[in-house]
file protein-v8.pdb (PDB, C-alpha atoms and all ligand atoms)
ATOM      1  CA  MET B   1     -60.246  -4.736-167.492
ATOM      2  CA  LYS B   2     -57.657  -3.208-169.734
ATOM      3  CA  PHE B   3     -56.968  -3.411-173.465
ATOM      4  CA  GLU B   4     -54.130  -1.933-175.487
ATOM      5  CA  TYR B   5     -53.683  -1.359-179.209
ATOM      6  CA  ASP B   6     -50.853   0.051-181.299
ATOM      7  CA  ILE B   7     -51.573   2.735-183.860
ATOM      8  CA  GLU B   8     -49.295   3.362-186.801
ATOM      9  CA  GLY B   9     -48.906   6.957-187.941
ATOM     10  CA  GLY B  10     -49.562   7.450-191.654
ATOM     11  CA  ASN B  11     -51.181   4.064-192.186
ATOM     12  CA  PHE B  12     -54.684   4.986-193.328
ATOM     13  CA  SER B  13     -55.558   1.492-194.433
ATOM     14  CA  ARG B  14     -55.524   0.418-190.776
ATOM     15  CA  ALA B  15     -57.198   3.544-189.399
ATOM     16  CA  GLY B  16     -60.231   2.590-187.367
ATOM     17  CA  PHE B  17     -59.072  -0.945-186.698
ATOM     18  CA  ALA B  18     -58.390  -0.396-182.989
ATOM     19  CA  SER B  19     -61.683   1.470-182.539
ATOM     20  CA  SER B  20     -63.603  -1.342-184.131
ATOM     21  CA  GLU B  21     -61.889  -3.920-181.905
ATOM     22  CA  VAL B  22     -62.843  -1.874-178.852
ATOM     23  CA  LYS B  23     -66.406  -1.621-180.115
ATOM     24  CA  LYS B  24     -66.611  -5.419-180.294
ATOM     25  CA  LYS B  25     -65.189  -5.748-176.771
ATOM     26  CA  LEU B  26     -67.645  -3.230-175.333
ATOM     27  CA  ARG B  27     -70.551  -5.024-177.004
ATOM     28  CA  GLN B  28     -69.355  -8.347-175.582
ATOM     29  CA  LEU B  29     -69.225  -6.762-172.147
ATOM     30  CA  ASN B  30     -72.820  -5.618-172.623
ATOM     31  CA  VAL B  31     -72.059  -1.943-172.240
ATOM     32  CA  ASP B  32     -75.144   0.144-173.076
ATOM     33  CA  ILE B  33     -75.423   0.523-176.866
ATOM     34  CA  GLN B  34     -75.884   4.309-176.710
ATOM     35  CA  ILE B  35     -72.709   4.620-174.650
ATOM     36  CA  VAL B  36     -70.859   2.387-177.101
ATOM     37  CA  ARG B  37     -72.029   4.460-180.070
ATOM     38  CA  ARG B  38     -70.775   7.679-178.521
ATOM     39  CA  ILE B  39     -67.473   6.251-177.373
ATOM     40  CA  VAL B  40     -66.795   4.851-180.805
ATOM     41  CA  VAL B  41     -67.094   8.311-182.380
ATOM     42  CA  ALA B  42     -64.578   9.762-179.923
ATOM     43  CA  LEU B  43     -62.250   6.821-180.161
ATOM     44  CA  TYR B  44     -62.216   6.769-183.951
ATOM     45  CA  GLU B  45     -61.471  10.493-184.140
ATOM     46  CA  ALA B  46     -58.637  10.152-181.639
ATOM     47  CA  GLU B  47     -57.251   7.128-183.482
ATOM     48  CA  VAL B  48     -57.374   8.874-186.865
ATOM     49  CA  ASN B  49     -55.652  11.909-185.370
ATOM     50  CA  VAL B  50     -52.701   9.703-184.472
ATOM     51  CA  VAL B  51     -52.707   8.246-187.992
ATOM     52  CA  ALA B  52     -53.057  11.645-189.683
ATOM     53  CA  HIS B  53     -50.933  13.842-187.449
ATOM     54  CA  ALA B  54     -48.500  11.702-185.440
ATOM     55  CA  TRP B  55     -45.948   8.946-185.949
ATOM     56  CA  TYR B  56     -46.842   6.252-183.513
ATOM     57  CA  GLY B  57     -49.409   5.825-180.786
ATOM     58  CA  LYS B  58     -50.985   3.574-178.230
ATOM     59  CA  MET B  59     -54.657   3.281-177.389
ATOM     60  CA  THR B  60     -55.489   2.102-173.886
ATOM     61  CA  VAL B  61     -59.011   1.282-172.798
ATOM     62  CA  ASP B  62     -59.668   0.704-169.122
ATOM     63  CA  ILE B  63     -63.150  -0.408-168.146
ATOM     64  CA  ASP B  64     -64.626  -0.768-164.686
ATOM     65  CA  GLU B  65     -68.186  -0.782-163.377
ATOM     66  CA  GLU B  66     -68.345   2.961-163.038
ATOM     67  CA  LYS B  67     -66.594   4.286-166.128
ATOM     68  CA  ILE B  68     -64.612   3.751-169.286
ATOM     69  CA  LEU B  69     -61.231   5.459-169.473
ATOM     70  CA  LEU B  70     -59.736   5.893-172.938
ATOM     71  CA  ILE B  71     -56.182   7.120-173.466
ATOM     72  CA  LEU B  72     -54.374   7.835-176.720
ATOM     73  CA  ASP B  73     -50.723   8.524-176.228
ATOM     74  CA  ASP B  74     -48.611   9.360-179.226
ATOM     75  CA  GLU B  75     -45.163  10.261-180.365
ATOM     76  CA  GLY B  76     -45.495  13.033-182.888
ATOM     77  CA  PRO B  77     -45.283  16.752-183.511
ATOM     78  CA  GLY B  78     -47.588  17.588-180.618
ATOM     79  CA  ILE B  79     -50.068  20.459-180.546
ATOM     80  CA  GLU B  80     -48.793  24.009-180.006
ATOM     81  CA  ASP B  81     -52.104  25.631-179.162
ATOM     82  CA  ILE B  82     -54.688  23.209-177.836
ATOM     83  CA  ASP B  83     -57.510  25.783-177.612
ATOM     84  CA  LEU B  84     -57.005  26.605-181.272
ATOM     85  CA  ALA B  85     -56.897  22.914-182.229
ATOM     86  CA  MET B  86     -60.242  22.410-180.459
ATOM     87  CA  LYS B  87     -61.952  25.009-182.663
ATOM     88  CA  GLU B  88     -64.253  23.514-185.262
ATOM     89  CA  GLY B  89     -62.700  24.006-188.696
ATOM     90  CA  PHE B  90     -59.097  24.289-187.521
ATOM     91  CA  SER B  91     -56.871  21.759-189.230
ATOM     92  CA  THR B  92     -53.259  21.362-190.235
ATOM     93  CA  ALA B  93     -53.984  18.244-192.311
ATOM     94  CA  SER B  94     -51.942  17.855-195.501
ATOM     95  CA  PRO B  95     -53.551  18.246-198.932
ATOM     96  CA  GLU B  96     -53.389  14.452-199.473
ATOM     97  CA  VAL B  97     -55.167  13.806-196.201
ATOM     98  CA  ARG B  98     -57.810  16.413-197.056
ATOM     99  CA  GLU B  99     -58.400  14.815-200.409
ATOM    100  CA  MET B 100     -59.474  11.677-198.584
ATOM    101  CA  GLY B 101     -62.089  13.703-196.755
ATOM    102  CA  PHE B 102     -60.191  14.089-193.505
ATOM    103  CA  GLY B 103     -59.077  17.487-192.284
ATOM    104  CA  ALA B 104     -62.432  19.170-191.704
ATOM    105  CA  GLY B 105     -61.253  20.172-188.256
ATOM    106  CA  MET B 106     -64.211  18.399-186.708
ATOM    107  CA  GLY B 107     -62.466  15.496-184.996
ATOM    108  CA  LEU B 108     -61.622  17.098-181.664
ATOM    109  CA  PRO B 109     -65.052  18.792-181.433
ATOM    110  CA  ASN B 110     -66.631  15.376-182.110
ATOM    111  CA  ILE B 111     -64.594  13.902-179.271
ATOM    112  CA  LYS B 112     -65.653  16.633-176.876
ATOM    113  CA  LYS B 113     -69.321  16.109-177.690
ATOM    114  CA  ASN B 114     -69.205  12.372-177.189
ATOM    115  CA  VAL B 115     -67.364  11.811-173.915
ATOM    116  CA  ASP B 116     -67.991  13.097-170.390
ATOM    117  CA  THR B 117     -64.508  14.475-169.803
ATOM    118  CA  LEU B 118     -61.704  15.241-172.221
ATOM    119  CA  LYS B 119     -58.181  16.199-171.270
ATOM    120  CA  ILE B 120     -55.504  16.906-173.860
ATOM    121  CA  THR B 121     -51.888  17.447-172.925
ATOM    122  CA  SER B 122     -49.115  17.897-175.410
ATOM    123  CA  GLU B 123     -45.456  18.615-175.665
ATOM    124  CA  PRO B 124     -44.613  20.178-179.027
ATOM    125  CA  GLY B 125     -41.981  18.129-180.813
ATOM    126  CA  LYS B 126     -42.639  15.087-178.610
ATOM    127  CA  GLY B 127     -46.234  13.993-178.628
ATOM    128  CA  THR B 128     -49.809  14.265-177.476
ATOM    129  CA  ARG B 129     -51.942  12.547-174.853
ATOM    130  CA  VAL B 130     -55.717  12.502-175.151
ATOM    131  CA  GLU B 131     -57.586  11.230-172.096
ATOM    132  CA  MET B 132     -61.305  10.646-172.227
ATOM    133  CA  ILE B 133     -63.745   9.364-169.637
ATOM    134  CA  THR B 134     -67.302   8.184-170.099
ATOM    135  CA  TYR B 135     -69.411   7.264-167.096
ATOM    136  CA  MET B 136     -71.716   4.271-167.236
ATOM    137  CA  LYS B 137     -74.369   6.222-165.338
ATOM    138  CA  GLY B 138     -75.216   9.896-165.016
ATOM    139  CA  GLY B 139     -72.999  11.085-167.872
ATOM    140  CA  LYS B 140     -73.914  13.060-170.982
ATOM    141  CA  ASN B 141     -75.507   9.949-172.342
ATOM    142  CA  GLU B 142     -78.385  10.182-169.875
ATOM    143  CA  LYS B 143     -78.818  13.925-170.204
ATOM    144  CA  SER B 144     -79.399  13.908-173.941
TER     145      SER B 144
ATOM    146  CA  MET X   1     -86.786  11.884-191.632
ATOM    147  CA  ASP X   2     -87.472  10.211-188.358
ATOM    148  CA  GLN X   3     -86.220   6.936-187.016
ATOM    149  CA  ASN X   4     -89.732   5.867-186.042
ATOM    150  CA  ASN X   5     -90.874   6.049-189.628
ATOM    151  CA  TYR X   6     -91.509   3.025-191.746
ATOM    152  CA  LYS X   7     -88.219   1.604-192.877
ATOM    153  CA  MET X   8     -87.358   0.452-196.340
ATOM    154  CA  LYS X   9     -85.017  -2.381-197.123
ATOM    155  CA  VAL X  10     -81.791  -1.613-198.979
ATOM    156  CA  SER X  11     -82.924  -4.046-201.673
ATOM    157  CA  GLU X  12     -86.043  -1.903-202.263
ATOM    158  CA  LEU X  13     -83.851   1.187-202.632
ATOM    159  CA  VAL X  14     -81.662  -0.634-205.124
ATOM    160  CA  GLU X  15     -84.715  -1.538-207.141
ATOM    161  CA  LYS X  16     -86.519   1.794-206.953
ATOM    162  CA  LEU X  17     -83.463   3.966-207.584
ATOM    163  CA  GLY X  18     -81.876   1.631-210.130
ATOM    164  CA  LEU X  19     -78.666   1.357-208.116
ATOM    165  CA  LYS X  20     -75.728  -0.870-208.924
ATOM    166  CA  VAL X  21     -74.543  -3.206-206.217
ATOM    167  CA  HIS X  22     -70.754  -2.961-206.176
ATOM    168  CA  SER X  23     -70.269  -5.179-203.143
ATOM    169  CA  GLY X  24     -72.048  -6.666-200.156
ATOM    170  CA  GLU X  25     -74.784  -8.218-202.291
ATOM    171  CA  SER X  26     -75.776 -10.665-199.582
ATOM    172  CA  ASN X  27     -76.529  -7.850-197.151
ATOM    173  CA  LEU X  28     -79.348  -5.998-198.862
ATOM    174  CA  ASP X  29     -81.938  -6.841-196.247
ATOM    175  CA  LYS X  30     -80.871  -4.077-193.861
ATOM    176  CA  GLU X  31     -83.460  -1.422-193.158
ATOM    177  CA  VAL X  32     -83.056   2.243-194.005
ATOM    178  CA  TRP X  33     -84.926   5.188-192.504
ATOM    179  CA  GLY X  34     -82.881   8.161-193.691
ATOM    180  CA  GLY X  35     -79.689   9.331-195.259
ATOM    181  CA  TYR X  36     -76.651  11.530-194.859
ATOM    182  CA  VAL X  37     -74.764  13.356-197.587
ATOM    183  CA  SER X  38     -71.167  14.406-197.030
ATOM    184  CA  ASP X  39     -67.637  13.838-198.270
ATOM    185  CA  LEU X  40     -66.044  14.914-195.005
ATOM    186  CA  LEU X  41     -65.418  11.871-192.867
ATOM    187  CA  SER X  42     -65.577  13.584-189.479
ATOM    188  CA  ASP X  43     -68.846  15.176-190.480
ATOM    189  CA  VAL X  44     -70.314  11.744-191.139
ATOM    190  CA  MET X  45     -68.770  10.376-187.951
ATOM    191  CA  GLY X  46     -70.330  13.151-185.910
ATOM    192  CA  ASN X  47     -73.698  13.509-187.595
ATOM    193  CA  ALA X  48     -74.843  10.369-189.387
ATOM    194  CA  GLY X  49     -76.932   7.849-187.502
ATOM    195  CA  GLU X  50     -77.348   4.087-187.499
ATOM    196  CA  GLY X  51     -79.609   2.759-190.231
ATOM    197  CA  MET X  52     -78.856   5.617-192.615
ATOM    198  CA  VAL X  53     -77.605   5.443-196.167
ATOM    199  CA  TRP X  54     -74.511   7.534-196.819
ATOM    200  CA  ILE X  55     -74.131   9.258-200.195
ATOM    201  CA  THR X  56     -70.550  10.217-201.037
ATOM    202  CA  LEU X  57     -67.837  10.473-203.670
ATOM    203  CA  GLN X  58     -65.157   9.033-201.385
ATOM    204  CA  THR X  59     -64.165   5.553-202.547
ATOM    205  CA  HIS X  60     -61.313   4.556-200.207
ATOM    206  CA  LYS X  61     -61.424   1.945-197.485
ATOM    207  CA  ASN X  62     -61.886   4.379-194.614
ATOM    208  CA  ILE X  63     -65.514   4.873-195.651
ATOM    209  CA  MET X  64     -66.171   1.269-194.623
ATOM    210  CA  ALA X  65     -64.578   1.782-191.205
ATOM    211  CA  ILE X  66     -66.954   4.675-190.689
ATOM    212  CA  ALA X  67     -69.972   2.858-192.117
ATOM    213  CA  SER X  68     -69.308  -0.048-189.797
ATOM    214  CA  LEU X  69     -68.619   1.969-186.646
ATOM    215  CA  LYS X  70     -71.735   4.071-187.313
ATOM    216  CA  GLU X  71     -73.830   1.010-188.238
ATOM    217  CA  LEU X  72     -74.930   2.565-191.520
ATOM    218  CA  ALA X  73     -77.197   0.499-193.757
ATOM    219  CA  ALA X  74     -75.321   1.140-197.021
ATOM    220  CA  VAL X  75     -73.038   3.536-198.892
ATOM    221  CA  ILE X  76     -74.005   5.006-202.270
ATOM    222  CA  LEU X  77     -71.178   6.188-204.546
ATOM    223  CA  VAL X  78     -72.181   8.899-207.005
ATOM    224  CA  ARG X  79     -71.230   9.604-210.639
ATOM    225  CA  ASP X  80     -70.319   6.001-211.473
ATOM    226  CA  LEU X  81     -67.375   6.011-209.079
ATOM    227  CA  LEU X  82     -66.093   2.562-208.176
ATOM    228  CA  PRO X  83     -65.039   1.431-204.706
ATOM    229  CA  ASP X  84     -61.310   0.712-204.328
ATOM    230  CA  ASP X  85     -60.548  -3.024-204.171
ATOM    231  CA  ASP X  86     -59.910  -2.974-200.441
ATOM    232  CA  THR X  87     -63.096  -0.948-199.944
ATOM    233  CA  ALA X  88     -65.112  -3.656-201.689
ATOM    234  CA  ALA X  89     -63.367  -6.356-199.655
ATOM    235  CA  SER X  90     -64.103  -4.513-196.445
ATOM    236  CA  SER X  91     -67.722  -4.016-197.517
ATOM    237  CA  GLU X  92     -68.085  -7.794-197.856
ATOM    238  CA  ALA X  93     -66.346  -8.426-194.549
ATOM    239  CA  GLU X  94     -68.426  -5.876-192.644
ATOM    240  CA  GLY X  95     -71.648  -6.855-194.379
ATOM    241  CA  ILE X  96     -72.394  -3.311-195.486
ATOM    242  CA  PRO X  97     -73.207  -2.928-199.176
ATOM    243  CA  VAL X  98     -71.551  -0.357-201.429
ATOM    244  CA  LEU X  99     -74.038   0.784-204.060
ATOM    245  CA  GLY X 100     -73.585   3.034-207.049
ATOM    246  CA  THR X 101     -75.420   5.462-209.289
ATOM    247  CA  SER X 102     -74.541   7.471-212.374
ATOM    248  CA  LEU X 103     -76.403  10.440-210.897
ATOM    249  CA  ARG X 104     -74.809  13.388-209.161
ATOM    250  CA  THR X 105     -75.080  13.832-205.430
ATOM    251  CA  PHE X 106     -77.924  16.376-205.517
ATOM    252  CA  ASP X 107     -80.084  14.235-207.760
ATOM    253  CA  ILE X 108     -79.637  10.931-205.976
ATOM    254  CA  ALA X 109     -80.153  12.591-202.600
ATOM    255  CA  GLY X 110     -83.375  14.149-203.886
ATOM    256  CA  LYS X 111     -84.647  10.832-205.174
ATOM    257  CA  LEU X 112     -83.734   9.018-201.995
ATOM    258  CA  TYR X 113     -85.492  11.636-199.917
ATOM    259  CA  GLU X 114     -88.562  11.423-202.084
ATOM    260  CA  ILE X 115     -89.007   7.679-201.924
ATOM    261  CA  LEU X 116     -88.399   7.548-198.195
ATOM    262  CA  LYS X 117     -90.879  10.360-197.689
ATOM    263  CA  ASN X 118     -93.527   8.856-199.973
ATOM    264  CA  ASN X 119     -93.044   5.610-198.192
ATOM    265  CA  ASN X 120     -94.226   7.339-195.055
ATOM    266  CA  LEU X 121     -97.354   8.967-196.422
ATOM    267  CA  PRO X 122    -100.476   7.535-194.863
ATOM    268  CA  GLN X 123    -102.186   4.800-196.879
ATOM    269  CA  GLY X 124    -104.382   6.060-199.673
ATOM    270  CA  SER X 125    -102.914   9.566-199.936
TER     271      SER X 125
HETATM  272  N1  LIG T   1     -52.489  13.518-182.066
HETATM  273  C1  LIG T   1     -52.211  14.705-182.620
HETATM  274  N2  LIG T   1     -50.917  15.081-182.848
HETATM  275  C2  LIG T   1     -50.632  16.275-183.398
HETATM  276  N3  LIG T   1     -51.549  17.183-183.757
HETATM  277  C3  LIG T   1     -52.846  16.858-183.554
HETATM  278  C4  LIG T   1     -53.245  15.629-182.977
HETATM  279  N4  LIG T   1     -54.591  15.618-182.880
HETATM  280  C5  LIG T   1     -54.997  16.791-183.381
HETATM  281  N5  LIG T   1     -53.963  17.546-183.778
HETATM  282  C6  LIG T   1     -54.018  18.917-184.341
HETATM  283  O1  LIG T   1     -55.303  19.470-184.087
HETATM  284  C7  LIG T   1     -55.939  19.818-185.333
HETATM  285  C8  LIG T   1     -57.442  19.629-185.205
HETATM  286  O2  LIG T   1     -57.757  18.243-184.998
HETATM  287  P1  LIG T   1     -59.182  17.701-185.456
HETATM  288  O3  LIG T   1     -59.224  16.244-185.200
HETATM  289  O4  LIG T   1     -60.241  18.541-184.828
HETATM  290  O5  LIG T   1     -59.207  18.014-187.020
HETATM  291  P2  LIG T   1     -58.416  17.284-188.200
HETATM  292  O6  LIG T   1     -57.844  16.012-187.715
HETATM  293  O7  LIG T   1     -57.470  18.263-188.794
HETATM  294  O8  LIG T   1     -59.606  17.005-189.228
HETATM  295  P3  LIG T   1     -60.804  15.930-189.047
HETATM  296  O9  LIG T   1     -60.663  15.328-187.700
HETATM  297  O10 LIG T   1     -62.066  16.711-189.213
HETATM  298  O11 LIG T   1     -60.594  14.934-190.153
HETATM  299  C9  LIG T   1     -55.258  18.932-186.355
HETATM  300  O12 LIG T   1     -55.359  19.433-187.665
HETATM  301  C10 LIG T   1     -53.816  18.938-185.838
HETATM  302  O13 LIG T   1     -53.187  20.159-186.162
HETATM  303 MG    MG T   2     -59.022  14.655-186.694
END

call {"tool": "encode", "arguments": {"input": "protein-v8.pdb", "output": "structure tokens"}}
result
Amino acid sequence: MKFEYDIEGGNFSRAGFASSEVKKKLRQLNVDIQIVRRIVVALYEAEVNVVAHAWYGKMTVDIDEEKILLILDDEGPGIEDIDLAMKEGFSTASPEVREMGFGAGMGLPNIKKNVDTLKITSEPGKGTRVEMITYMKGGKNEKS
Amino acid sequence: MDQNNYKMKVSELVEKLGLKVHSGESNLDKEVWGGYVSDLLSDVMGNAGEGMVWITLQTHKNIMAIASLKELAAVILVRDLLPDDDTAASSEAEGIPVLGTSLRTFDIAGKLYEILKNNNLPQGS
């Protein structure tokens, strides 16, 4: 089962909308509540990153019995140094975005903590792709 | 604070802490067992837990997206700050109250902690 949502760069009043739609879908599909709660953290952070740092993006959620695959693909400035971006506290957020309370540099670390696998690929000047997988069984969710 | 503790209804908090109810008045029956204090949204996203009250000075609509995704029981705005109009609308739609106090963050957090803690003392102590 596959769902797709558009994400508009710069539009903070819609930030979180796609994540909340996915949350409703996952609840309807009876996905374990603990899994849903973790996925939602990762998804929201990835969605807000498109809003805060990119121009346009697409969220794709692909669910089967074994796992949930989440992909955020955006057109934007991309990330020059992904290892650096992953560091807690690193942020290039604008002063306006920081004033809203974003820009702590905690989003990517939050994603990493809340999914089983995270893969980020990026082409500076073009865009970024964030791929996350959470397993229904045997993932981080069961270890914690 | 521990999730297994006795929980207090948001309405009891409103009464005991003298909070204003800015929005979401019909949703004060949610239960609270703890709180989180932060103005950094990713910090709340990563570290708050369902059934907590969130104390903040952020008033824009994104706080409701977070409160809803994290299943928080209520948001408390400090220093008489008012929610933006779309924040209040979203609070009604999501069924998560936005409350307010004239106190500063440190003081309201201290009071909240105290009443939740006292609530959990064994009977008679
Ligand atoms: N989709 C993206 N496009 C371009 N740059 C990005 C993207 N996602 C993240 N980045 C870069 O990585 C940095 C770190 O991201 P992270 O989500 O950890 O923190 P933040 O978004 O700056 O702040 P926070 O998430 O705490 O509000 C960002 O500041 C930005 O430079
Ligand atoms: Mg971020």

call {"tool": "interface_residues", "arguments": {"input": "protein-v8.pdb", "of": "chain B", "to": "chain X", "cutoff": "12 Å", "atoms": "only C-alpha atoms", "output": "ChimeraX atom specification"}}
result
/B:11-24,33-34,36-49,51,88-89,91,97-114

call {"tool": "atom_distance", "arguments": {"input": "protein-v8.pdb", "atom1": "CA of Ala93 (chain B)", "atom2": "CA of Ala67 (chain X)"}}
result
22.2 Å

call {"tool": "residues_around", "arguments": {"input": "protein-v8.pdb", "residues": "Glu4 (chain B)", "least_positions_apart": "3", "cutoff": "9 Å", "atoms": "all atoms listed in the file", "output": "PDB file with C-alpha atoms, keeping the file's coordinate frame"}}
result
ATOM      1  CA  ALA B  18     -58.390  -0.396-182.989  1.00  0.00           C
ATOM      2  CA  LYS B  58     -50.985   3.574-178.230  1.00  0.00           C
ATOM      3  CA  MET B  59     -54.657   3.281-177.389  1.00  0.00           C
ATOM      4  CA  THR B  60     -55.489   2.102-173.886  1.00  0.00           C
ATOM      5  CA  VAL B  61     -59.011   1.282-172.798  1.00  0.00           C
ATOM      6  CA  ASP B  62     -59.668   0.704-169.122  1.00  0.00           C
TER       7      ASP B  62
END

call {"tool": "resolve_selection", "arguments": {"input": "protein-v8.pdb", "expression": "the PyMOL selection byres (((chain X and resi 23) around 6) and not hetatm)", "output": "number ranges by chain"}}
result
X: 21-22, 24-25, 88, 97-98

call {"tool": "resolve_selection", "arguments": {"input": "protein-v8.pdb", "expression": "the PyMOL selection byres (((chain B and resi 77) around 8) and not hetatm)", "output": "VMD selection string"}}
result
chain B and resid 53 to 54 75 to 76 78 to 79 124 to 128

call {"tool": "residues_around", "arguments": {"input": "protein-v8.pdb", "residues": "Thr121 (chain B)", "least_positions_apart": "3", "cutoff": "12 Å", "atoms": "all atoms listed in the file", "output": "list of chain:residue names"}}
result
B:Ile71, B:Leu72, B:Asp73, B:Asp74, B:Gly78, B:Ile79, B:Glu80, B:Asp81, B:Ile82, B:Asp83, B:Ala85, B:Leu118, B:Pro124, B:Lys126, B:Gly127, B:Thr128, B:Arg129, B:Val130, B:Glu131, B:Met132

call {"tool": "atom_distance", "arguments": {"input": "protein-v8.pdb", "atom1": "atom C1 of ligand LIG 1 (chain T)", "atom2": "CA of Lys140 (chain B)"}}
result
24.7 Å

call {"tool": "residues_around", "arguments": {"input": "protein-v8.pdb", "residues": "Ala74 (chain X)", "least_positions_apart": "4", "cutoff": "10 Å", "atoms": "only C-alpha atoms", "output": "list in words"}}
result
Val10, Gly24, Asn27, Leu28, Lys30, Glu31, Val32, Gly35, Gly51, Met52, Val53, Trp54, Ile55, Met64, Ala67, Ser68, Ser91, Gly95, Ile96, Pro97, Val98 and Leu99 of chain X

call {"tool": "write_last_selection", "arguments": {"input": "protein-v8.pdb", "atoms": "C-alpha atoms", "output": "PDB file, keeping the file's coordinate frame"}}
result
ATOM      1  CA  VAL X  10     -81.791  -1.613-198.979  1.00  0.00           C
ATOM      2  CA  GLY X  24     -72.048  -6.666-200.156  1.00  0.00           C
ATOM      3  CA  ASN X  27     -76.529  -7.850-197.151  1.00  0.00           C
ATOM      4  CA  LEU X  28     -79.348  -5.998-198.862  1.00  0.00           C
ATOM      5  CA  LYS X  30     -80.871  -4.077-193.861  1.00  0.00           C
ATOM      6  CA  GLU X  31     -83.460  -1.422-193.158  1.00  0.00           C
ATOM      7  CA  VAL X  32     -83.056   2.243-194.005  1.00  0.00           C
ATOM      8  CA  GLY X  35     -79.689   9.331-195.259  1.00  0.00           C
ATOM      9  CA  GLY X  51     -79.609   2.759-190.231  1.00  0.00           C
ATOM     10  CA  MET X  52     -78.856   5.617-192.615  1.00  0.00           C
ATOM     11  CA  VAL X  53     -77.605   5.443-196.167  1.00  0.00           C
ATOM     12  CA  TRP X  54     -74.511   7.534-196.819  1.00  0.00           C
ATOM     13  CA  ILE X  55     -74.131   9.258-200.195  1.00  0.00           C
ATOM     14  CA  MET X  64     -66.171   1.269-194.623  1.00  0.00           C
ATOM     15  CA  ALA X  67     -69.972   2.858-192.117  1.00  0.00           C
ATOM     16  CA  SER X  68     -69.308  -0.048-189.797  1.00  0.00           C
ATOM     17  CA  SER X  91     -67.722  -4.016-197.517  1.00  0.00           C
ATOM     18  CA  GLY X  95     -71.648  -6.855-194.379  1.00  0.00           C
ATOM     19  CA  ILE X  96     -72.394  -3.311-195.486  1.00  0.00           C
ATOM     20  CA  PRO X  97     -73.207  -2.928-199.176  1.00  0.00           C
ATOM     21  CA  VAL X  98     -71.551  -0.357-201.429  1.00  0.00           C
ATOM     22  CA  LEU X  99     -74.038   0.784-204.060  1.00  0.00           C
TER      23      LEU X  99
END

call {"tool": "closest_residue", "arguments": {"input": "protein-v8.pdb", "among": "B:Leu29, B:Met136, B:Ala52, B:Leu69", "to": "ligand LIG 1 (chain T)", "atoms": "all atoms listed in the file"}}
result
B:Ala52

call {"tool": "resolve_selection", "arguments": {"input": "protein-v8.pdb", "expression": "the PyMOL selection byres (((chain X and resi 103) around 12) and not hetatm)", "output": "list in words"}}
result
Leu17, Gly18, Leu19, Lys20, Ile55, Thr56, Leu57, Ile76, Leu77, Val78, Arg79, Asp80, Leu81, Gly100, Thr101, Ser102, Arg104, Thr105, Phe106, Asp107, Ile108, Ala109, Gly110, Lys111 and Leu112 of chain X

call {"tool": "residues_around", "arguments": {"input": "protein-v8.pdb", "residues": "Glu65 (chain B)", "least_positions_apart": "3", "cutoff": "10 Å", "atoms": "only C-alpha atoms", "output": "list in words"}}
result
Met1, Val31, Ile68, Tyr135, Met136 and Lys137 of chain B

call {"tool": "atom_distance", "arguments": {"input": "protein-v8.pdb", "atom1": "CA of Trp33 (chain X)", "atom2": "CA of Asn4 (chain X)"}}
result
8.1 Å

call {"tool": "residues_near_point", "arguments": {"input": "protein-v8.pdb", "point": "(-89.6, 4.9, -202.7)", "cutoff": "8 Å", "atoms": "all atoms listed in the file", "output": "list in words"}}
result
Glu12, Leu13, Lys16, Leu17, Leu112, Glu114, Ile115, Leu116, Lys117, Asn118 and Asn119 of chain X

call {"tool": "write_last_selection", "arguments": {"input": "protein-v8.pdb", "atoms": "C-alpha atoms", "output": "PDB file, in the frame of the given file"}}
result
ATOM      1  CA  GLU X  12     -86.043  -1.903-202.263  1.00  0.00           C
ATOM      2  CA  LEU X  13     -83.851   1.187-202.632  1.00  0.00           C
ATOM      3  CA  LYS X  16     -86.519   1.794-206.953  1.00  0.00           C
ATOM      4  CA  LEU X  17     -83.463   3.966-207.584  1.00  0.00           C
ATOM      5  CA  LEU X 112     -83.734   9.018-201.995  1.00  0.00           C
ATOM      6  CA  GLU X 114     -88.562  11.423-202.084  1.00  0.00           C
ATOM      7  CA  ILE X 115     -89.007   7.679-201.924  1.00  0.00           C
ATOM      8  CA  LEU X 116     -88.399   7.548-198.195  1.00  0.00           C
ATOM      9  CA  LYS X 117     -90.879  10.360-197.689  1.00  0.00           C
ATOM     10  CA  ASN X 118     -93.527   8.856-199.973  1.00  0.00           C
ATOM     11  CA  ASN X 119     -93.044   5.610-198.192  1.00  0.00           C
TER      12      ASN X 119
END

call {"tool": "closest_residue", "arguments": {"input": "protein-v8.pdb", "among": "B:Val50, B:Val115, B:Ile63, B:Ile120", "to": "ligand MG 2 (chain T)", "atoms": "only C-alpha atoms and all ligand atoms"}}
result
B:Val50

call {"tool": "axis_aligned_box", "arguments": {"input": "protein-v8.pdb", "around": "region 90-100 of chain X", "padding_each_side": "3 Å", "output": "lines of an AutoDock Vina configuration file"}}
result
center_x = -69.1
center_y = -2.7
center_z = -199.8
size_x = 15.9
size_y = 17.5
size_z = 20.4
